[in-house]
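A short worksheet on the structure shown next.
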Amino acid sequence: MNTEKYIIKNEVVITNMISDKIISLVETARQSVAHTANAAMVFTYFHIGKLLVEEWQQGEERAGYGANVLKNVSSILSEKLGRGFSVPNLERMRSFFLLYSKSSNTLRNSDVFQKSSTLSRISENDLTINLLPISWSHYSFLMRIKNEQERQFYEIESFQNQWSVRELERQFNTGLYERLAVSKNQEEILKLSQEGQIITKPKDLMKDPLILDFLDLKSDFSYTETDLETAIINQIEKFMLELGKGFFFGGRQVRFSFNEENYFVDLVFYNRILQCFVLIDLKIGKLKHQDLGQMQMYVNYYDRFIKQDYENSTVGIIICKTKEDAIVEITLPKDNNQIFATQYETIIPTKEMLKQLLETNKH
């Protein structure tokens with residue numbers, strides 16, 4: 001009887017193991033097919049746009065023939081090939097070719113494009129046009145962005161972070177590019193457009209402000225710090241997306257004891273890129289110098305008693321509703337590269353509001 005139970009149990013283990021491996025293989029294959037299909041679709045639509053420009057427009061910006069030609073082409077394609085070839089879609093393909101065939105060769109030959117194994121390379125008149133394997137829907141959205149450097153930044157970030165179109169739209173609406181670019185010089189902004197967000201030091205993690213619209217908190221301060229923390233925990237994946245690349249969640253209200261007293265860190269993360277702990281303290285009001293002193297103590301404790309020798313110095317971030325840079329500067333050492341303060345917004349600001357916020361933070 002015991003032998004039978006062992007055999008049955010062993011069969012279940014083997015069955016689950018084989019099933020899990022097959023599921024993993026199929027899911028990997030499906031992802032590969034999806035990436036290949038996206039690249040093929042984008043490649044095809046680029047060439048459809050090229051045909052429309054060269055045959056219908058004779059290579060000019062505007063067509064010499066009437067709009068009926070495009071309507072007739074749309075009708076024939078829809079009958080033979082099905083949906084996806086409406087007049088607006090054909091117009092979008094034409095615009096896609098015109099926009100990306102004129103893109104800066106310097107930008108689109110960056111390392112990110114060269115290292116992509118599923119890159120679409122289209123050669124046109126000795127000019128290589130590199131397109132990343134993101135979907136046509138991504139490119140349709142990207143075409144709305146007028147600034148070429150900003151447009152390519154979002155293209156790279158969509159590819160590297162596997163953003164959905166919805167996430168791409170949110171990141172654009174929250175001004176991610178502007179928030180990262182505000183403290184950079186022209187050379188660093190160009191690099192941002194060529195490589196996306198690159199994290200080599202703690203300051204690279206910082207966005208000011210953080211946009212926490214997904215928490216669904218009222219903007220009238222009727223919530224507490226506990227409410228803010230709970231809302232973040234309930235939306236931890238979205239919060240980590242907003243924080244940026246390389247974060248792993250380590251816990252909330254993480255306790256440590258020192259000198260017979262207990263202390264609690266609101267949120268503890270680990271960043272695998274920087275190989276360091278990242279401690280976060282939440283403040284729903286104005287930042288005070290005592291808050292910075294408290295974070296300094298937390299960081300010192302982790303550096304001296306928690307982190308391993310191979311790990312880098314702990315980073316502390318205070319997320320607050322308002323702050324004065326003068327208080328931060330006078331409280332922290334001049335060469336500070338461990339403790340930072342950033343403001344947060346619970347709604348997506350308008351572009352004008354965001355511009356004002358960035359100007360304020362810049363100075």
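Within each chain, counting starts at residue 1; across the structure tokens, chains are named A, B, ... in the order shown, with ligands numbered 1 upward in that order.
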
* **Picked from stretch 92-240 of chain A by DSSP as alpha helix (DSSP H), as an NGL selection string** => :A and (92-100 or 105-108 or 111-115 or 136-142 or 148-161 or 165-173 or 176-181 or 186-195 or 225-234 or 236-240)

* To do: Would you list the contacts of stretch 161-173 of chain A as a list in words, taking every protein, DNA or RNA residue within 9 Å and counting only C-alpha atoms, but skipping same-chain residues closer than 3 positions in sequence?
  =>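 The contact residues come out as Ile134, Ser135, Ser137, His138, Phe141, Leu142, Tyr154, Glu155, Ile156, Glu157, Ser158, Leu176, Tyr177, Glu242, Lys245, Ile348, Pro349, Thr350 and Lys351 of chain A.
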
Restricting it to C-alpha atoms, dump the selection as a short mmCIF file (atom, residue, chain, number, x, y, z; two decimals), in the first residue's frame.
```
data_model
loop_
_atom_site.label_atom_id
_atom_site.label_comp_id
_atom_site.auth_asym_id
_atom_site.auth_seq_id
_atom_site.Cartn_x
_atom_site.Cartn_y
_atom_site.Cartn_z
CA ILE A 134 7.30 46.59 -30.84
CA SER A 135 3.77 46.50 -32.17
CA SER A 137 -0.08 50.06 -32.14
CA HIS A 138 3.03 51.29 -30.29
CA PHE A 141 1.07 56.18 -30.74
CA LEU A 142 4.72 57.17 -31.09
CA TYR A 154 9.71 56.14 -25.59
CA GLU A 155 10.33 53.68 -28.44
CA ILE A 156 13.40 52.28 -26.64
CA GLU A 157 11.72 52.20 -23.23
CA SER A 158 8.66 50.41 -24.69
CA LEU A 176 8.57 60.55 -18.00
CA TYR A 177 11.02 61.93 -20.58
CA GLU A 242 6.89 54.26 -11.67
CA LYS A 245 14.17 49.71 -13.56
CA ILE A 348 -1.64 63.21 -13.76
CA PRO A 349 -0.83 66.90 -14.14
CA THR A 350 -1.54 68.76 -17.34
CA LYS A 351 1.47 69.46 -19.56
#
```

* Atomic separation - atom CA of A:Ile284 relative to atom CA of A:Leu212, Å -> 12.6 Å

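Near A:Arg108, within 9 Å and counting only C-alpha atoms, sit Gln114, Thr128, Ile129, Asn130, Leu131, Gln152 and Gln194 of chain A, not including residues fewer than 6 positions from it in the same chain.
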
* All strand (DSSP E) positions in stretch 178-250 of chain A, as a ChimeraX atom specification -> /A:210-211,247-250

* Asked: atom CA of A:Ile273 to atom CA of A:Gly196: how many Å, to one decimal?
  ->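 If I compute the distance from atom CA of A:Ile273 to atom CA of A:Gly196, I get 14.7 Å.
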
* To do: Would you list the contacts of A:Tyr302 as an MDAnalysis selection string, taking every protein, DNA or RNA residue within 10 Å and counting only C-alpha atoms, but skipping same-chain residues closer than 4 positions in sequence?
  => chainID A and resid 256 276:279 297:298 306:308 313:315

* Closest to A:Phe85 among A:Gly49, A:Ala37, A:Lys203, A:Gln338, using only C-alpha atoms? ->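 Between A:Gly49, A:Ala37, A:Lys203, A:Gln338, the residue approaching A:Phe85 most closely is A:Gly49.
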
* **Test item: residues at most 8 Å from A:Ala341, only C-alpha atoms, excluding those fewer than 5 positions along its chain, as a PyMOL selection string** => chain A and resi 317-320+323+328

Write out, as a PDB file, in the first residue's frame, the residues just selected, with C-alpha atoms.
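Final output, saved to again-v2.pdb:
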```pdb
ATOM      1  CA  ILE A 317      14.390  58.149  -0.714  1.00  0.00           C
ATOM      2  CA  ILE A 318      11.834  60.326   1.056  1.00  0.00           C
ATOM      3  CA  ILE A 319       8.630  60.669  -0.951  1.00  0.00           C
ATOM      4  CA  CYS A 320       6.793  63.764   0.219  1.00  0.00           C
ATOM      5  CA  LYS A 323       9.784  70.041  -0.260  1.00  0.00           C
ATOM      6  CA  VAL A 328      17.632  69.326   1.583  1.00  0.00           C
TER       7      VAL A 328
END
```

Using only C-alpha atoms, I'd like a table of the residues in stretch 147-242 of chain A that come within 12 Å of stretch 353-356 of chain A; for each, show the closest atom pair and its distance in Å rounded to one decimal, ordered by chain and ascending number, as CSV.
```
residue,atom,partner,partner_atom,distance
A:Phe172,CA,A:Leu354,CA,11.8
A:Asn173,CA,A:Leu354,CA,9.9
A:Thr174,CA,A:Leu354,CA,8.1
A:Gly175,CA,A:Leu354,CA,7.4
A:Leu176,CA,A:Leu354,CA,10.4
A:Tyr177,CA,A:Leu354,CA,11.5
A:Glu178,CA,A:Lys355,CA,8.4
A:Arg179,CA,A:Leu354,CA,8.7
A:Ala181,CA,A:Lys355,CA,12.0
A:Val182,CA,A:Lys355,CA,9.8
A:Asp208,CA,A:Leu354,CA,10.2
A:Pro209,CA,A:Leu354,CA,8.8
A:Leu210,CA,A:Leu354,CA,11.0
A:Ile211,CA,A:Leu354,CA,10.3
```

* Identify, on the basis of only C-alpha atoms, every residue whose closest approach to A:Asp216 does not exceed 9 Å; exclude the query and any residue fewer than 2 positions from it along the same chain; express the result as number ranges by chain. => A: 212-214, 218, 231, 346-347

Any chance you could export the current selection's N, CA and C atoms as a PDB file, in the first residue's frame?
```pdb
ATOM      1  N   LEU A 212       1.665  59.295  -9.009  1.00  0.00           N
ATOM      2  CA  LEU A 212       1.020  58.141  -8.383  1.00  0.00           C
ATOM      3  C   LEU A 212      -0.487  58.173  -8.607  1.00  0.00           C
ATOM      4  N   ASP A 213      -0.898  58.478  -9.824  1.00  0.00           N
ATOM      5  CA  ASP A 213      -2.324  58.576 -10.158  1.00  0.00           C
ATOM      6  C   ASP A 213      -3.069  57.262  -9.971  1.00  0.00           C
ATOM      7  N   PHE A 214      -2.358  56.151 -10.119  1.00  0.00           N
ATOM      8  CA  PHE A 214      -2.970  54.825 -10.058  1.00  0.00           C
ATOM      9  C   PHE A 214      -3.403  54.437  -8.646  1.00  0.00           C
ATOM     10  N   LYS A 218      -7.507  60.788  -3.076  1.00  0.00           N
ATOM     11  CA  LYS A 218      -8.011  62.142  -3.274  1.00  0.00           C
ATOM     12  C   LYS A 218      -6.870  63.136  -3.093  1.00  0.00           C
ATOM     13  N   ALA A 231      -2.214  51.981  -0.073  1.00  0.00           N
ATOM     14  CA  ALA A 231      -2.557  52.132  -1.493  1.00  0.00           C
ATOM     15  C   ALA A 231      -1.386  51.705  -2.378  1.00  0.00           C
ATOM     16  N   THR A 346      -0.832  62.879  -6.963  1.00  0.00           N
ATOM     17  CA  THR A 346      -1.816  61.794  -6.987  1.00  0.00           C
ATOM     18  C   THR A 346      -2.708  61.848  -8.225  1.00  0.00           C
ATOM     19  N   ILE A 347      -2.510  62.860  -9.060  1.00  0.00           N
ATOM     20  CA  ILE A 347      -3.221  62.943 -10.336  1.00  0.00           C
ATOM     21  C   ILE A 347      -2.194  63.228 -11.428  1.00  0.00           C
TER      22      ILE A 347
END
```

* Asked: For A:Leu90, which residue among A:Leu107, A:Val112, A:Arg272, A:His47 is the nearest when counting only C-alpha atoms?
  ->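 Of all the options, A:His47 lies closest to A:Leu90.
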